[in-house]
file data_13.txt (compact mmCIF, C-alpha atoms)
# COMPACT_ATOMS: atom_id res chain seq x y z
CA MET A 1 21.52 -5.92 24.52
CA THR A 2 23.88 -3.39 22.93
CA VAL A 3 22.86 -2.25 19.47
CA SER A 4 25.62 -1.39 17.04
CA SER A 5 25.63 2.22 15.94
CA SER A 6 26.36 1.06 12.38
CA ARG A 7 22.96 -0.51 11.84
CA LEU A 8 20.62 1.04 9.30
CA PRO A 9 18.57 4.02 10.53
CA SER A 10 14.93 3.42 11.35
CA VAL A 11 12.64 3.67 8.34
CA SER A 12 10.36 5.90 10.42
CA THR A 13 12.96 8.66 10.09
CA THR A 14 12.39 8.57 6.32
CA PHE A 15 8.67 7.90 6.09
CA GLU A 16 6.77 10.44 8.16
CA ASP A 17 3.34 8.85 8.41
CA ASP A 18 2.75 9.11 12.15
CA ASP A 19 -0.19 11.44 11.58
CA LEU A 20 -1.83 8.92 9.27
CA TYR A 21 -1.19 6.21 11.84
CA HIS A 22 -2.87 8.40 14.50
CA ASP A 23 -5.86 9.00 12.21
CA ILE A 24 -6.38 5.31 11.42
CA THR A 25 -5.90 4.04 14.98
CA GLY A 26 -8.08 6.85 16.33
CA PHE A 27 -10.82 5.83 13.92
CA ALA A 28 -10.35 2.24 15.07
CA GLN A 29 -10.89 3.23 18.70
CA ASP A 30 -14.23 4.84 17.77
CA ALA A 31 -15.36 1.92 15.59
CA PRO A 32 -18.10 -0.46 16.82
CA THR A 33 -16.88 -3.35 18.92
CA TRP A 34 -17.76 -5.91 16.26
CA VAL A 35 -15.64 -4.04 13.72
CA GLN A 36 -12.70 -4.04 16.13
CA HIS A 37 -13.01 -7.76 16.79
CA THR A 38 -13.40 -8.49 13.06
CA ALA A 39 -10.22 -6.53 12.31
CA GLU A 40 -8.29 -8.42 15.00
CA VAL A 41 -9.12 -11.83 13.54
CA GLY A 42 -9.44 -10.66 9.95
CA THR A 43 -5.77 -10.88 9.07
CA GLU A 44 -5.43 -14.50 10.16
CA ALA A 45 -8.72 -15.33 8.46
CA GLY A 46 -7.39 -13.74 5.29
CA LEU A 47 -4.37 -16.02 5.37
CA LEU A 48 -6.72 -18.99 5.59
CA VAL A 49 -8.70 -17.69 2.61
CA PHE A 50 -5.53 -17.37 0.55
CA GLY A 51 -4.59 -20.91 1.61
CA ALA A 52 -7.96 -22.16 0.39
CA LEU A 53 -7.51 -20.28 -2.90
CA PHE A 54 -4.14 -22.01 -3.40
CA VAL A 55 -5.85 -25.39 -2.96
CA VAL A 56 -8.60 -24.44 -5.42
CA ALA A 57 -6.00 -23.25 -7.94
CA TRP A 58 -4.09 -26.53 -7.64
CA TRP A 59 -7.26 -28.62 -7.99
CA ARG A 60 -8.46 -26.78 -11.08
CA SER A 61 -4.99 -26.86 -12.66
CA ARG A 62 -4.98 -30.67 -12.52
CA ARG A 63 -7.05 -30.55 -15.71
CA GLY A 64 -4.90 -27.88 -17.31
CA ASP A 65 -1.73 -28.10 -19.35
CA PRO A 66 1.60 -28.71 -17.54
CA ARG A 67 2.50 -25.02 -17.58
CA ALA A 68 -0.77 -24.01 -15.90
CA PHE A 69 -0.28 -26.74 -13.32
CA ALA A 70 3.29 -25.59 -12.68
CA ILE A 71 2.20 -22.00 -12.04
CA ALA A 72 -0.52 -23.14 -9.63
CA VAL A 73 1.98 -25.23 -7.65
CA LEU A 74 4.59 -22.45 -7.70
CA ALA A 75 2.13 -19.87 -6.34
CA PRO A 76 2.33 -20.87 -2.65
CA VAL A 77 6.06 -21.57 -2.95
CA ALA A 78 6.65 -18.09 -4.38
CA THR A 79 4.59 -16.57 -1.56
CA ALA A 80 6.74 -18.41 0.98
CA VAL A 81 9.88 -17.02 -0.70
CA ALA A 82 8.43 -13.51 -0.36
CA TYR A 83 7.82 -14.15 3.34
CA VAL A 84 11.45 -15.22 3.84
CA CYS A 85 12.62 -12.04 2.10
CA SER A 86 10.40 -10.02 4.43
CA GLU A 87 11.93 -11.68 7.48
CA LEU A 88 15.44 -11.00 6.20
CA LEU A 89 14.62 -7.35 5.58
CA LYS A 90 13.14 -7.03 9.08
CA SER A 91 16.38 -8.26 10.59
CA VAL A 92 18.33 -5.59 8.69
CA VAL A 93 16.08 -2.56 9.25
CA GLU A 94 15.02 -3.30 12.87
CA GLU A 95 12.20 -0.76 13.00
CA GLU A 96 10.25 -0.57 16.26
CA ARG A 97 6.52 -1.17 16.28
CA PRO A 98 4.39 2.00 16.14
CA CYS A 99 2.32 0.91 19.13
CA ARG A 100 5.48 1.47 21.16
CA ALA A 101 7.40 4.05 19.12
CA VAL A 102 4.81 6.63 17.98
CA ALA A 103 4.39 9.43 20.49
CA GLY A 104 0.85 9.83 21.81
CA ALA A 105 -0.42 6.67 20.12
CA VAL A 106 -3.68 5.27 21.45
CA PRO A 107 -3.57 1.71 22.84
CA SER A 108 -3.47 -0.80 19.97
CA LEU A 109 -6.44 -3.11 19.52
CA ALA A 110 -4.08 -6.07 19.11
CA GLU A 111 -1.35 -6.85 21.61
CA CYS A 112 1.79 -4.90 20.74
CA PRO A 113 4.51 -7.38 19.69
CA PRO A 114 7.64 -7.41 21.86
CA THR A 115 10.82 -5.56 20.94
CA GLY A 116 12.75 -7.72 18.51
CA ASP A 117 9.61 -8.56 16.54
CA TRP A 118 10.33 -5.73 14.13
CA SER A 119 7.81 -3.72 12.17
CA PHE A 120 9.21 -3.09 8.67
CA PRO A 121 7.98 -4.58 6.43
CA SER A 122 4.73 -6.22 7.47
CA ASN A 123 4.95 -10.00 7.09
CA HIS A 124 1.18 -10.30 6.78
CA ALA A 125 1.08 -7.66 4.04
CA THR A 126 3.99 -9.35 2.26
CA ILE A 127 2.20 -12.69 2.27
CA ALA A 128 -1.01 -11.03 1.12
CA GLY A 129 0.72 -9.18 -1.73
CA GLY A 130 2.64 -12.28 -2.76
CA ALA A 131 -0.40 -14.53 -2.70
CA ALA A 132 -2.53 -12.02 -4.61
CA ALA A 133 0.08 -11.61 -7.35
CA ALA A 134 0.85 -15.33 -7.62
CA LEU A 135 -2.82 -16.29 -7.85
CA ALA A 136 -3.32 -13.63 -10.52
CA LEU A 137 -0.62 -15.39 -12.56
CA VAL A 138 -2.57 -18.63 -12.20
CA ARG A 139 -5.79 -17.00 -13.35
CA TRP A 140 -5.92 -13.28 -14.12
CA THR A 141 -9.59 -12.90 -13.15
CA ALA A 142 -8.68 -13.99 -9.61
CA VAL A 143 -7.32 -10.49 -9.04
CA ARG A 144 -10.91 -9.33 -8.51
CA VAL A 145 -10.88 -11.27 -5.27
CA THR A 146 -7.21 -11.41 -4.31
CA ALA A 147 -6.38 -7.70 -4.69
CA PRO A 148 -9.19 -6.39 -2.41
CA LEU A 149 -8.44 -9.14 0.10
CA ALA A 150 -4.74 -8.24 0.18
CA LEU A 151 -5.49 -4.53 0.62
CA LEU A 152 -7.97 -5.25 3.41
CA MET A 153 -5.48 -7.50 5.20
CA ALA A 154 -2.77 -4.86 4.94
CA PHE A 155 -5.04 -2.09 6.20
CA SER A 156 -6.14 -4.21 9.15
CA ARG A 157 -2.55 -4.33 10.43
CA VAL A 158 -2.52 -0.54 10.76
CA PHE A 159 -6.11 -0.49 12.01
CA VAL A 160 -5.27 -2.71 14.98
CA GLY A 161 -2.18 -0.60 15.67
CA VAL A 162 0.73 -2.98 15.12
CA HIS A 163 2.17 -1.52 11.90
CA HIS A 164 2.98 1.84 10.36
CA PRO A 165 1.22 2.57 7.04
CA HIS A 166 4.58 2.40 5.23
CA ASP A 167 5.16 -1.09 6.67
CA VAL A 168 2.12 -2.51 4.92
CA VAL A 169 2.67 -0.62 1.65
CA ALA A 170 6.23 -1.95 1.51
CA GLY A 171 5.01 -5.44 2.40
CA LEU A 172 2.42 -5.49 -0.38
CA LEU A 173 4.95 -4.33 -2.97
CA LEU A 174 7.69 -6.66 -1.75
CA GLY A 175 5.36 -9.65 -1.77
CA ALA A 176 3.98 -8.92 -5.22
CA VAL A 177 7.39 -8.34 -6.81
CA VAL A 178 9.18 -11.28 -5.21
CA ALA A 179 6.34 -13.73 -5.84
CA THR A 180 6.01 -12.68 -9.48
CA VAL A 181 9.76 -13.01 -10.10
CA ALA A 182 9.88 -16.36 -8.28
CA VAL A 183 7.06 -17.78 -10.39
CA ARG A 184 8.61 -16.51 -13.62
CA LEU A 185 11.99 -18.02 -12.78
CA GLY A 186 10.48 -21.36 -11.80
CA ILE A 187 8.03 -21.89 -14.66
CA ARG A 188 10.31 -23.83 -17.02
CA PRO A 189 11.77 -26.37 -14.56
CA ALA A 190 8.40 -26.75 -12.83
CA THR A 191 6.67 -27.39 -16.17
CA ARG A 192 9.20 -30.08 -17.10
CA LEU A 193 8.72 -31.67 -13.68
CA ALA A 194 4.94 -31.62 -14.09
CA GLU A 195 5.23 -33.33 -17.47
CA ALA A 196 7.47 -36.03 -15.99
CA MET A 197 5.16 -36.57 -13.02
CA ARG A 198 2.12 -36.92 -15.25
CA GLY A 199 3.93 -39.72 -17.04
CA SER A 200 4.56 -41.56 -13.79
CA SER A 201 3.04 -44.97 -13.16
CA ALA A 202 2.50 -44.22 -9.45
CA PRO A 203 -1.24 -43.62 -8.79
CA VAL A 204 -0.60 -41.10 -6.02
CA VAL A 205 1.68 -39.01 -8.22
CA ARG A 206 -0.78 -39.04 -11.09
CA TRP A 207 -3.60 -38.07 -8.73
CA LEU A 208 -1.56 -35.13 -7.40
CA THR A 209 -0.74 -33.85 -10.87
CA GLY A 210 -4.05 -34.75 -12.47
CA PRO A 211 -4.82 -36.06 -15.94
CA GLY A 212 -4.03 -32.79 -17.70
CA ALA A 213 -6.11 -31.11 -20.36
CA VAL A 214 -8.69 -33.26 -22.12
CA PRO A 215 -8.17 -33.10 -25.92
CA PRO A 216 -11.05 -31.51 -27.87
CA GLY A 217 -13.68 -34.09 -28.74
CA ALA A 218 -12.24 -36.73 -26.43
CA TYR A 219 -15.16 -36.52 -24.01
CA ALA A 220 -17.73 -36.91 -26.77
CA ALA A 221 -15.77 -39.77 -28.34
CA SER A 222 -15.64 -41.67 -25.06
CA HIS A 223 -19.40 -41.41 -24.75
CA ARG A 224 -19.99 -42.64 -28.29
CA ARG A 225 -18.07 -45.81 -27.44
CA ARG A 226 -20.39 -46.57 -24.52

call {"tool": "encode", "arguments": {"input": "data_13.txt", "output": "structure tokens"}}
result
Amino acid sequence: MTVSSSRLPSVSTTFEDDDLYHDITGFAQDAPTWVQHTAEVGTEAGLLVFGALFVVAWWRSRRGDPRAFAIAVLAPVATAVAYVCSELLKSVVEEERPCRAVAGAVPSLAECPPTGDWSFPSNHATIAGGAAAALALVRWTAVRVTAPLALLMAFSRVFVGVHHPHDVVAGLLLGAVVATVAVRLGIRPATRLAEAMRGSSAPVVRWLTGPGAVPPGAYAASHRRR
């Protein structure tokens, strides 16, 4: 395939972090086998953890006000938008994977993706950054869990040798910014939709959206009537 000379230059010509890549992947080669295997599966496991956190956020928001419910529902949607932006940026930059492009690189722990599966930015890091930021908007204290998880997921992509350090840094930032903006832009229409759905007569719809916040004293009053 002939590549047009007008395409954007490789990001690696701007971000000189090959030495850092060598240091991290060299450390990975010397790590215990169980650490290597954990890093290989850790990224995918992290995605599953974020998926579970989205479900927990939705479930808890069913007893919150419509705005809280809207943010919880928007969180995974905003993360998906960040992923799409990452894919679009990959197709523009077309940076080769470090496991193939970095001179003298040690064999990557994970299989090196084929040419055409570009490196910049890291999709996994973008999803991690987006999910961490979106879940923090749902509940600020969640950042204690989501931020370390996102950083660990991003680092693992360099550790196993399939991304440059700048790929994962860019991915984290891109995900966090896009997801935050997407949630902010969608709050008002999503809140109105949540209010309308909670007024629906369909049992399934009302179960999905939940009963909303319980007014103060309502629980005690219902027990006094028993």

call {"tool": "closest_residue", "arguments": {"input": "data_13.txt", "among": "A:Arg188, A:Lys90, A:Arg60, A:His22", "to": "Val106 in chain A", "atoms": "all atoms listed in the file"}}
result
A:His22

call {"tool": "closest_residue", "arguments": {"input": "data_13.txt", "among": "A:Arg206, A:Arg198, A:His166, A:His124", "to": "Thr79 in chain A", "atoms": "only C-alpha atoms"}}
result
A:His124

call {"tool": "axis_aligned_box", "arguments": {"input": "data_13.txt", "around": "range 174-191 of chain A", "padding_each_side": "6 Å", "output": "lines of an AutoDock Vina configuration file"}}
result
center_x = 8.0
center_y = -17.0
center_z = -9.4
size_x = 20.0
size_y = 32.7
size_z = 27.3

call {"tool": "residues_around", "arguments": {"input": "data_13.txt", "residues": "Ala170 in chain A", "least_positions_apart": "3", "cutoff": "10 Å", "atoms": "only C-alpha atoms", "output": "list in words"}}
result
Ser86, Phe120, Pro121, Ser122, Asn123, Ala125, Thr126, Gly129, Pro165, His166, Asp167, Leu173, Leu174, Gly175 and Ala176 of chain A

call {"tool": "atom_distance", "arguments": {"input": "data_13.txt", "atom1": "CA of Ala182 in chain A", "atom2": "CA of Pro66 in chain A"}}
result
17.5 Å

call {"tool": "closest_residue", "arguments": {"input": "data_13.txt", "among": "A:Pro32, A:Arg184, A:Ala196, A:Val178", "to": "Cys85 in chain A", "atoms": "only C-alpha atoms"}}
result
A:Val178

call {"tool": "atom_distance", "arguments": {"input": "data_13.txt", "atom1": "CA of Ala78 in chain A", "atom2": "CA of Gly161 in chain A"}}
result
28.0 Å

call {"tool": "residues_near_point", "arguments": {"input": "data_13.txt", "point": "(-5.1, -0.9, 22.2)", "cutoff": "12 Å", "atoms": "all atoms listed in the file", "output": "PyMOL selection string"}}
result
chain A and resi 25-26+28-30+36-37+40+98-100+105-113+158-162

call {"tool": "residues_around", "arguments": {"input": "data_13.txt", "residues": "Leu53 in chain A", "least_positions_apart": "3", "cutoff": "10 Å", "atoms": "all atoms listed in the file", "output": "PDB file with C-alpha atoms, keeping the file's coordinate frame"}}
result
ATOM      1  CA  LEU A  47      -4.370 -16.020   5.370  1.00  0.00           C
ATOM      2  CA  LEU A  48      -6.720 -18.990   5.590  1.00  0.00           C
ATOM      3  CA  VAL A  49      -8.700 -17.690   2.610  1.00  0.00           C
ATOM      4  CA  PHE A  50      -5.530 -17.370   0.550  1.00  0.00           C
ATOM      5  CA  VAL A  56      -8.600 -24.440  -5.420  1.00  0.00           C
ATOM      6  CA  ALA A  57      -6.000 -23.250  -7.940  1.00  0.00           C
ATOM      7  CA  TRP A  58      -4.090 -26.530  -7.640  1.00  0.00           C
ATOM      8  CA  TRP A  59      -7.260 -28.620  -7.990  1.00  0.00           C
ATOM      9  CA  PRO A  76       2.330 -20.870  -2.650  1.00  0.00           C
ATOM     10  CA  ALA A 131      -0.400 -14.530  -2.700  1.00  0.00           C
ATOM     11  CA  ALA A 132      -2.530 -12.020  -4.610  1.00  0.00           C
ATOM     12  CA  LEU A 135      -2.820 -16.290  -7.850  1.00  0.00           C
ATOM     13  CA  ALA A 142      -8.680 -13.990  -9.610  1.00  0.00           C
ATOM     14  CA  VAL A 145     -10.880 -11.270  -5.270  1.00  0.00           C
ATOM     15  CA  THR A 146      -7.210 -11.410  -4.310  1.00  0.00           C
TER      16      THR A 146
END

call {"tool": "closest_residue", "arguments": {"input": "data_13.txt", "among": "A:Gly42, A:Pro203, A:Gly212, A:Gly51", "to": "Gly64 in chain A", "atoms": "all atoms listed in the file"}}
result
A:Gly212
